[in-house]
Amino acid sequence: MELESDKLADYLQDLPVICLNEPAIKNLSQKLSSNTKNEIASIQRAFYYVRDKIDHSWDIQATRVTKTSVEVLESGHGICYAKANLLTGLLRRAGIPTGYCYQKLLLFDEVDKRYCIHALNAVYIKSQDAWFRLDARGNKTGIDAQFSMNKEHLAFNPDTRLGERDYNVIYTKPNRKTMRVLEESNDALAMYVNTLPESL
């Protein structure tokens with residue numbers, strides 16, 4: 001993986017969609033990282049919280065569009081772009097450098113040949129001096145993302161034969177296209193089916 005920036009501070013910055021100083025994010029981040037000085041345990045707790053406690057909007061057929069970390073936390077759901085913002089907020093608030101990663105995937109099946117951009121995160125683990133990708137999209141039948149520092153265990157493994165791919169960059173900010181579609185949509189289900197960006 002390539003880094004967009006060689007400055008770890010850029011992966012700790014606050015943004016309007018990350019909301020580091022909002023009480024809800026501060027309090028939850030502190031709760032998830034309390035009682036441990038182990039950075040890996042803190043990352044695991046935040047990852048499993050976002051993966052398991054926050055639903056994917058499509059999975060529960062929720063129509064509300066959420067974007068910021070606070071909106072996702074308050075509503076209890078978001079698509080991958082929004083869930084990535086929440087995980088970034090929780091980890092950056094705990095002082096753990098966190099970035100954004102993307103994949104190009106078939107949206108539904110091979111027959112349709114329609115693609116979408118999928119968002120996930122990467123975290124820097126200081127004790128390992130290395131970055132690791134994490135996907136808190138949310139598990140269901142056929143999707144089993146896990147925290148792993150040995151072999152990646154992501155929600156999706158792009159199949160290049162089908163036109164899918166990994167974008168091998170760890171970005172400091174969420175992609176503009178992904179944030180724009182959240183801003184301009186008022187129905188999450190219609191957005192998911194019709195207007196998700198197909199490429200970065």
# chains A, B, ... in the order shown; residues from 1 in each chain; ligands from 1
call {"tool": "closest_atom_pairs", "arguments": {"of": "stretch 39-103 of chain A", "to": "stretch 175-179 of chain A", "cutoff": "9 Å", "atoms": "only C-alpha atoms", "output": "JSON lines"}}
result
{"residue": "A:Lys67", "atom": "CA", "partner": "A:Met179", "partner_atom": "CA", "distance": 7.3}
{"residue": "A:Tyr81", "atom": "CA", "partner": "A:Thr178", "partner_atom": "CA", "distance": 6.5}
{"residue": "A:Ala82", "atom": "CA", "partner": "A:Met179", "partner_atom": "CA", "distance": 8.5}
{"residue": "A:Tyr100", "atom": "CA", "partner": "A:Asn175", "partner_atom": "CA", "distance": 8.2}
{"residue": "A:Tyr102", "atom": "CA", "partner": "A:Asn175", "partner_atom": "CA", "distance": 8.9}
call {"tool": "write_last_selection", "arguments": {"atoms": "N, CA and C atoms", "output": "compact mmCIF listing (two decimals), in the first residue's frame"}}
result
# COMPACT_ATOMS: atom_id res chain seq x y z
N LYS A 67 -23.89 10.69 7.04
CA LYS A 67 -22.59 11.07 6.48
C LYS A 67 -21.52 11.21 7.54
N TYR A 81 -19.22 4.29 3.29
CA TYR A 81 -18.56 5.59 3.32
C TYR A 81 -18.74 6.25 4.68
N ALA A 82 -19.95 6.17 5.21
CA ALA A 82 -20.27 6.80 6.48
C ALA A 82 -19.67 6.03 7.66
N TYR A 100 -8.16 6.26 4.80
CA TYR A 100 -9.24 5.71 3.99
C TYR A 100 -8.66 4.91 2.82
N TYR A 102 -9.94 2.24 -0.67
CA TYR A 102 -11.08 2.02 -1.55
C TYR A 102 -10.88 0.79 -2.44
call {"tool": "residues_around", "arguments": {"residues": "A:Gly76", "least_positions_apart": "3", "cutoff": "12 Å", "atoms": "only C-alpha atoms", "output": "ChimeraX atom specification"}}
result
/A:49-57,60,62,64-73,79,82-83,86
call {"tool": "write_last_selection", "arguments": {"atoms": "C-alpha atoms", "output": "compact mmCIF listing (two decimals), in the first residue's frame"}}
result
# COMPACT_ATOMS: atom_id res chain seq x y z
CA TYR A 49 -18.04 -1.62 17.62
CA VAL A 50 -18.47 -0.07 14.18
CA ARG A 51 -18.67 -3.43 12.44
CA ASP A 52 -21.20 -4.99 14.82
CA LYS A 53 -23.10 -2.21 16.57
CA ILE A 54 -23.65 0.02 13.54
CA ASP A 55 -25.78 -1.51 10.79
CA HIS A 56 -25.12 -1.13 7.11
CA SER A 57 -28.02 0.93 5.76
CA ILE A 60 -31.53 -3.09 7.19
CA ALA A 62 -32.90 2.12 6.05
CA ARG A 64 -31.97 7.88 5.99
CA VAL A 65 -28.66 9.02 4.52
CA THR A 66 -25.95 9.47 7.14
CA LYS A 67 -22.59 11.07 6.48
CA THR A 68 -20.72 12.36 9.53
CA SER A 69 -19.44 10.20 12.35
CA VAL A 70 -21.99 11.75 14.69
CA GLU A 71 -24.91 11.10 12.31
CA VAL A 72 -23.86 7.47 11.96
CA LEU A 73 -23.53 7.04 15.70
CA ILE A 79 -23.28 2.78 4.23
CA ALA A 82 -20.27 6.80 6.48
CA LYS A 83 -19.15 3.89 8.66
CA LEU A 86 -17.13 6.86 12.26
call {"tool": "select_by_dssp", "arguments": {"residues": "stretch 57-157 of chain A", "states": "helix (DSSP H, G or I)", "output": "PyMOL selection string"}}
result
chain A and resi 57-60+69-75+80-93
call {"tool": "atom_distance", "arguments": {"atom1": "atom CA of A:Ile18", "atom2": "atom CA of A:Gly89"}}
result
4.9 Å
call {"tool": "select_by_dssp", "arguments": {"residues": "stretch 113-175 of chain A", "states": "strand (DSSP E)", "output": "PyMOL selection string"}}
result
chain A and resi 115-125+130-134+165-171
call {"tool": "closest_atom_pairs", "arguments": {"of": "stretch 88-170 of chain A", "to": "stretch 20-40 of chain A", "cutoff": "9 Å", "atoms": "only C-alpha atoms", "output": "CSV"}}
result
residue,atom,partner,partner_atom,distance
A:Gly89,CA,A:Leu20,CA,5.8
A:Leu90,CA,A:Ser29,CA,4.9
A:Leu91,CA,A:Ser29,CA,7.0
A:Arg92,CA,A:Leu20,CA,7.5
A:Arg93,CA,A:Leu20,CA,5.7
A:Ala94,CA,A:Ser29,CA,6.2
A:Ile96,CA,A:Glu39,CA,7.8
A:Ile125,CA,A:Ile40,CA,7.1
A:Lys126,CA,A:Glu39,CA,8.0
A:Ser127,CA,A:Glu39,CA,8.1
call {"tool": "write_last_selection", "arguments": {"atoms": "N, CA and C atoms", "output": "JSON list (two decimals), in the first residue's frame"}}
result
[["chain", "number", "residue", "atom", "x", "y", "z"],
["A", 89, "GLY", "N", -13.13, 8.59, 13.09],
["A", 89, "GLY", "CA", -13.31, 9.49, 14.21],
["A", 89, "GLY", "C", -12.94, 8.86, 15.54],
["A", 90, "LEU", "N", -13.39, 7.64, 15.75],
["A", 90, "LEU", "CA", -13.12, 6.96, 17.03],
["A", 90, "LEU", "C", -11.63, 6.69, 17.21],
["A", 91, "LEU", "N", -10.97, 6.29, 16.15],
["A", 91, "LEU", "CA", -9.55, 5.96, 16.26],
["A", 91, "LEU", "C", -8.67, 7.20, 16.30],
["A", 92, "ARG", "N", -8.94, 8.17, 15.46],
["A", 92, "ARG", "CA", -8.15, 9.40, 15.50],
["A", 92, "ARG", "C", -8.29, 10.11, 16.84],
["A", 93, "ARG", "N", -9.48, 10.07, 17.40],
["A", 93, "ARG", "CA", -9.69, 10.69, 18.71],
["A", 93, "ARG", "C", -8.81, 10.01, 19.77],
["A", 94, "ALA", "N", -8.55, 8.72, 19.59],
["A", 94, "ALA", "CA", -7.69, 7.98, 20.51],
["A", 94, "ALA", "C", -6.21, 8.12, 20.17],
["A", 96, "ILE", "N", -4.78, 7.38, 17.21],
["A", 96, "ILE", "CA", -4.31, 6.31, 16.32],
["A", 96, "ILE", "C", -4.47, 6.77, 14.87],
["A", 125, "ILE", "N", -0.33, 0.91, 13.27],
["A", 125, "ILE", "CA", -0.06, 0.34, 14.58],
["A", 125, "ILE", "C", 1.40, 0.61, 14.91],
["A", 126, "LYS", "N", 1.59, 1.46, 15.88],
["A", 126, "LYS", "CA", 2.94, 1.94, 16.21],
["A", 126, "LYS", "C", 3.87, 0.80, 16.62],
["A", 127, "SER", "N", 3.36, -0.13, 17.42],
["A", 127, "SER", "CA", 4.20, -1.22, 17.92],
["A", 127, "SER", "C", 4.67, -2.13, 16.79]]
call {"tool": "atom_distance", "arguments": {"atom1": "atom CA of A:Pro174", "atom2": "atom CA of A:Asn85"}}
result
7.8 Å
call {"tool": "atom_distance", "arguments": {"atom1": "atom CA of A:Cys101", "atom2": "atom CA of A:Asp166"}}
result
8.5 Å
